[in-house]
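Here's the structure, in structure tokens; my notes come after.
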Amino acid sequence: MPRDDIESRGGEVKRNSNTNTDSSSGYTSSSNYLIEDTETQWTSWLVPMFVVANVAVFIVVMYVNNCPNHRHTRLVGKCVARFLGRFSFEPLRENPLFGPSSSTLKKLGALEWTKVVLNHQGWRLITCIWLHAGVIHILANMLSLIFIGIRLEQQFGFVRIGIIYLLSGFGGSVLSSLFVRNNISVGASGALFGLLGAMLSELIINWTIYTNKAAALLTLLVIIAINLAIGILPHVDNFAHIGGFLTGFLLGFVLLPRPHIRWLQRSNLPAGTRLKSKYKPYQYVLWLVSVVLLIVGFTVALVMLFRGENGNDHCHWCHYLSCVPTSRWDCNED
């Protein structure tokens, strides 16, 4: 994604030839580009608020969980970190991620097909985004959110990044509900994959602004592929990842286009030079196609979900996208 590699002196825009490493976004960007002199460098506050909100919710969940009062610990082991009192973690046999019990997560809004469809609790498609299964889970997600989200918010502002984050999380929940029947799902992973998808589409739709674009594209694709590949391990809801990624990818085309280079350099063009459009024709085409796909995709998916249809009946091989059985593990839902 674009970075402020522009020096402005005497009203002229100069391209900085230095190569920069953007470690905060999770990949190396050697792309230089042109931006408007007056473009706002936003202060990131929404992403830090998301982090604080997720941590606060986790603390509340652990308070409600109150492991010492659970009778089942007599069978599966003692609470972990008992010095924390009611904030202590479930026995590792119950939850190896150092967190609450599954019953507590269900009670507080975890994504579960039966409750969403049969009990008409559609609100779980949203609440599950703010719940996490344990300390390890929330730590990994929040570090990723900080590294990816802050840079995006600084470049594009809190409104667009907030929309991408929330809608991507919702899209991940919808796809997960269509394909996962017997497990619960929690976490912000779908929303995080949405930000990764938006980074990819932002690079594509602003292609003419970048230099070294092929290297940036290849690096980002490798990062995305690795993260999606991890999702085929058992007990990882890769459908939430894929749904979030696809939603964020399409939203990036809608919300993150930048003007083409001649528009950015219009102050240096000869007097009387007229520019027909702020954006390239292909940017308008990608915008329109993405809007249509988002509307159609969400409509079809939600209708299928609340009619109780199982996505696996329409795609008999799709279960391999979330888990690939091997000699070391199986993919049976339990």
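Every chain in the structure tokens takes a letter, A first, then B, and so on in the order presented; its residues are numbered from 1, and the ligands are numbered from 1 following the presented order.
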
Need to verify the contact set: stretch 128-141 of chain A, 8 Å, only C-alpha atoms, exclusion of same-chain residues closer than 2 positions in sequence. Can you return it as an mmCIF file with N, CA, C and O atoms, in the first residue's frame?
```cif
data_model
loop_
_atom_site.group_PDB
_atom_site.id
_atom_site.type_symbol
_atom_site.label_atom_id
_atom_site.label_comp_id
_atom_site.auth_asym_id
_atom_site.auth_seq_id
_atom_site.Cartn_x
_atom_site.Cartn_y
_atom_site.Cartn_z
ATOM 1 N N ALA A 53 -11.097 -2.578 22.809
ATOM 2 C CA ALA A 53 -12.419 -3.198 22.937
ATOM 3 C C ALA A 53 -12.314 -4.716 22.996
ATOM 4 O O ALA A 53 -12.988 -5.360 23.814
ATOM 5 N N ASN A 54 -11.465 -5.291 22.147
ATOM 6 C CA ASN A 54 -11.313 -6.748 22.147
ATOM 7 C C ASN A 54 -10.722 -7.245 23.466
ATOM 8 O O ASN A 54 -11.162 -8.263 24.010
ATOM 9 N N VAL A 55 -9.728 -6.532 23.982
ATOM 10 C CA VAL A 55 -9.120 -6.916 25.256
ATOM 11 C C VAL A 55 -10.132 -6.775 26.391
ATOM 12 O O VAL A 55 -10.226 -7.646 27.273
ATOM 13 N N VAL A 57 -13.396 -6.963 26.213
ATOM 14 C CA VAL A 57 -14.382 -8.040 26.102
ATOM 15 C C VAL A 57 -13.807 -9.348 26.631
ATOM 16 O O VAL A 57 -14.500 -10.106 27.328
ATOM 17 N N PHE A 58 -12.544 -9.611 26.329
ATOM 18 C CA PHE A 58 -11.921 -10.849 26.816
ATOM 19 C C PHE A 58 -11.870 -10.867 28.345
ATOM 20 O O PHE A 58 -12.104 -11.912 28.968
ATOM 21 N N ASN A 95 -9.241 -26.229 27.340
ATOM 22 C CA ASN A 95 -8.903 -25.126 26.439
ATOM 23 C C ASN A 95 -7.395 -24.897 26.473
ATOM 24 O O ASN A 95 -6.880 -24.261 27.391
ATOM 25 N N LEU A 97 -5.651 -22.906 24.821
ATOM 26 C CA LEU A 97 -5.276 -21.542 24.446
ATOM 27 C C LEU A 97 -5.276 -20.587 25.639
ATOM 28 O O LEU A 97 -5.115 -19.384 25.459
ATOM 29 N N PHE A 98 -5.461 -21.125 26.845
ATOM 30 C CA PHE A 98 -5.511 -20.304 28.064
ATOM 31 C C PHE A 98 -6.679 -19.322 28.002
ATOM 32 O O PHE A 98 -6.495 -18.108 27.891
ATOM 33 N N GLY A 99 -7.859 -19.876 28.081
ATOM 34 C CA GLY A 99 -9.042 -19.038 27.980
ATOM 35 C C GLY A 99 -10.239 -19.642 28.673
ATOM 36 O O GLY A 99 -10.112 -20.524 29.529
ATOM 37 N N PRO A 100 -11.447 -19.205 28.299
ATOM 38 C CA PRO A 100 -12.679 -19.648 28.954
ATOM 39 C C PRO A 100 -13.169 -20.979 28.389
ATOM 40 O O PRO A 100 -12.598 -21.525 27.443
ATOM 41 N N LEU A 105 -18.365 -19.094 26.059
ATOM 42 C CA LEU A 105 -18.333 -18.422 24.757
ATOM 43 C C LEU A 105 -19.690 -18.510 24.063
ATOM 44 O O LEU A 105 -20.149 -17.539 23.455
ATOM 45 N N GLY A 109 -22.128 -15.135 22.989
ATOM 46 C CA GLY A 109 -22.295 -14.707 21.602
ATOM 47 C C GLY A 109 -21.439 -15.390 20.568
ATOM 48 O O GLY A 109 -21.290 -14.865 19.462
ATOM 49 N N ALA A 110 -20.870 -16.551 20.869
ATOM 50 C CA ALA A 110 -20.083 -17.266 19.865
ATOM 51 C C ALA A 110 -20.963 -17.661 18.689
ATOM 52 O O ALA A 110 -22.181 -17.830 18.816
ATOM 53 N N LEU A 111 -20.340 -17.820 17.534
ATOM 54 C CA LEU A 111 -21.074 -18.191 16.324
ATOM 55 C C LEU A 111 -21.392 -19.679 16.353
ATOM 56 O O LEU A 111 -20.499 -20.521 16.440
ATOM 57 N N ARG A 124 -25.389 -13.045 16.480
ATOM 58 C CA ARG A 124 -24.138 -13.760 16.720
ATOM 59 C C ARG A 124 -23.156 -13.617 15.555
ATOM 60 O O ARG A 124 -21.952 -13.836 15.740
ATOM 61 N N LEU A 125 -23.654 -13.286 14.377
ATOM 62 C CA LEU A 125 -22.766 -13.052 13.232
ATOM 63 C C LEU A 125 -21.848 -11.862 13.484
ATOM 64 O O LEU A 125 -20.784 -11.747 12.863
ATOM 65 N N ILE A 126 -22.251 -10.979 14.392
ATOM 66 C CA ILE A 126 -21.445 -9.799 14.743
ATOM 67 C C ILE A 126 -20.691 -10.000 16.047
ATOM 68 O O ILE A 126 -19.485 -9.719 16.143
ATOM 69 N N LEU A 143 -1.998 -8.383 17.673
ATOM 70 C CA LEU A 143 -0.718 -7.971 17.086
ATOM 71 C C LEU A 143 -0.852 -7.795 15.577
ATOM 72 O O LEU A 143 -0.333 -6.832 14.994
ATOM 73 N N SER A 144 -1.566 -8.709 14.937
ATOM 74 C CA SER A 144 -1.796 -8.592 13.497
ATOM 75 C C SER A 144 -2.608 -7.347 13.179
ATOM 76 O O SER A 144 -2.320 -6.634 12.203
ATOM 77 N N LEU A 145 -3.623 -7.069 13.986
ATOM 78 C CA LEU A 145 -4.455 -5.883 13.763
ATOM 79 C C LEU A 145 -3.638 -4.610 13.890
ATOM 80 O O LEU A 145 -3.790 -3.676 13.097
ATOM 81 N N GLY A 169 -15.454 -8.955 8.789
ATOM 82 C CA GLY A 169 -15.757 -9.859 9.887
ATOM 83 C C GLY A 169 -17.137 -10.479 9.733
ATOM 84 O O GLY A 169 -17.330 -11.680 9.955
ATOM 85 N N PHE A 170 -18.103 -9.671 9.314
ATOM 86 C CA PHE A 170 -19.465 -10.163 9.081
ATOM 87 C C PHE A 170 -19.480 -11.169 7.929
ATOM 88 O O PHE A 170 -20.114 -12.227 8.014
ATOM 89 N N SER A 173 -18.174 -14.451 9.064
ATOM 90 C CA SER A 173 -19.156 -15.163 9.890
ATOM 91 C C SER A 173 -20.226 -15.831 9.038
ATOM 92 O O SER A 173 -20.642 -16.967 9.310
ATOM 93 N N SER A 185 -17.553 -20.801 16.572
ATOM 94 C CA SER A 185 -16.461 -20.017 16.000
ATOM 95 C C SER A 185 -16.421 -18.648 16.669
ATOM 96 O O SER A 185 -17.467 -18.019 16.868
ATOM 97 N N VAL A 186 -15.217 -18.209 17.033
ATOM 98 C CA VAL A 186 -15.021 -16.878 17.605
ATOM 99 C C VAL A 186 -13.727 -16.296 17.056
ATOM 100 O O VAL A 186 -12.867 -17.026 16.554
ATOM 101 N N GLY A 187 -13.596 -14.965 17.148
ATOM 102 C CA GLY A 187 -12.335 -14.331 16.784
ATOM 103 C C GLY A 187 -12.461 -13.302 15.680
ATOM 104 O O GLY A 187 -13.419 -13.298 14.908
ATOM 105 N N ALA A 188 -11.452 -12.432 15.609
ATOM 106 C CA ALA A 188 -11.421 -11.343 14.633
ATOM 107 C C ALA A 188 -10.663 -11.718 13.367
ATOM 108 O O ALA A 188 -10.342 -10.848 12.564
ATOM 109 N N SER A 189 -10.383 -13.016 13.174
ATOM 110 C CA SER A 189 -9.561 -13.428 12.042
ATOM 111 C C SER A 189 -10.189 -13.059 10.703
ATOM 112 O O SER A 189 -9.496 -12.671 9.764
ATOM 113 N N GLY A 190 -11.507 -13.209 10.586
ATOM 114 C CA GLY A 190 -12.169 -12.848 9.340
ATOM 115 C C GLY A 190 -11.979 -11.380 9.000
ATOM 116 O O GLY A 190 -11.716 -11.019 7.849
ATOM 117 N N ALA A 191 -12.106 -10.517 10.016
ATOM 118 C CA ALA A 191 -11.901 -9.087 9.800
ATOM 119 C C ALA A 191 -10.461 -8.785 9.420
ATOM 120 O O ALA A 191 -10.197 -7.931 8.563
ATOM 121 N N LEU A 192 -9.506 -9.487 10.041
ATOM 122 C CA LEU A 192 -8.095 -9.280 9.730
ATOM 123 C C LEU A 192 -7.770 -9.727 8.308
ATOM 124 O O LEU A 192 -7.021 -9.058 7.588
#
```

Do you know which residues are at most 6 Å from stretch 148-155 of chain A counting only C-alpha atoms, after dropping those on the same chain fewer than 6 positions away, and could you put them as a ChimeraX atom specification? /A:25,41-44,161

List every residue of stretch 53-297 of chain A that DSSP, applied to the backbone of this structure, assigns to alpha helix (DSSP H), and report them as a ChimeraX atom specification. /A:53-65,73-76,102-108,113,124-127,135-156,158-179,189-205,213-230,238-255,261-264,281-297

Give me, as a PyMOL selection string, all polymer residues having an atom no more than 10 Å from A:Leu178, counting only C-alpha atoms and skipping those fewer than 4 positions away in the same chain. chain A and resi 113+173-174+239+301-302+304-306+308-312

Export of prior selection with C-alpha atoms as a short mmCIF file (atom, residue, chain, number, x, y, z; two decimals), in the first residue's frame:
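Saved the output as out_36.cif:
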```
data_model
loop_
_atom_site.label_atom_id
_atom_site.label_comp_id
_atom_site.auth_asym_id
_atom_site.auth_seq_id
_atom_site.Cartn_x
_atom_site.Cartn_y
_atom_site.Cartn_z
CA TRP A 113 -25.28 -22.49 13.37
CA SER A 173 -19.16 -15.16 9.89
CA VAL A 174 -21.73 -15.69 7.13
CA PHE A 239 -14.14 -20.44 6.06
CA ALA A 301 -25.39 -16.14 1.19
CA LEU A 302 -27.82 -14.69 3.74
CA MET A 304 -29.19 -19.60 1.93
CA LEU A 305 -28.14 -19.30 5.55
CA PHE A 306 -31.52 -18.36 7.00
CA GLY A 308 -31.13 -23.50 6.65
CA GLU A 309 -29.19 -24.68 3.61
CA ASN A 310 -25.84 -26.39 4.06
CA GLY A 311 -23.11 -25.00 1.83
CA ASN A 312 -21.45 -28.42 1.70
#
```

A:Leu321, A:Val159, A:Cys315, A:Leu108: which is nearest A:Ala229, counting only C-alpha atoms?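 Using only C-alpha atoms, the shortest distance to A:Ala229 belongs to A:Leu321.
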
Can you list, as JSON, numbers by chain, every protein, DNA or RNA residue that comes within 10 Å of stretch 77-92 of chain A when you count only C-alpha atoms, leaving out same-chain residues fewer than 3 positions away? {"A": [59, 60, 61, 62, 63, 64, 65, 66, 67, 68, 69, 70, 72, 73, 74, 95, 96, 97, 98, 99, 100, 101, 102, 134, 135]}

Interatomic distance between atom CA of A:Arg258 and atom CA of A:Leu200?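 A separation of 13.9 Å between them.
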
Check the smallest atom-to-atom distance from each of A:Cys331, A:Val47, A:Val117, A:Met142 to A:Ile232 using only C-alpha atoms, then report the winner.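 Nearest to A:Ile232: A:Cys331.
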
Using DSSP assignments from the backbone, pull out every residue in stretch 65-190 of chain A that falls under strand (DSSP E or B) and give it to me as a count of residues only. 4

For A:Val285, which residue among A:Val52, A:Ile205, A:Val300, A:Leu228 is the nearest when counting only C-alpha atoms? A:Ile205
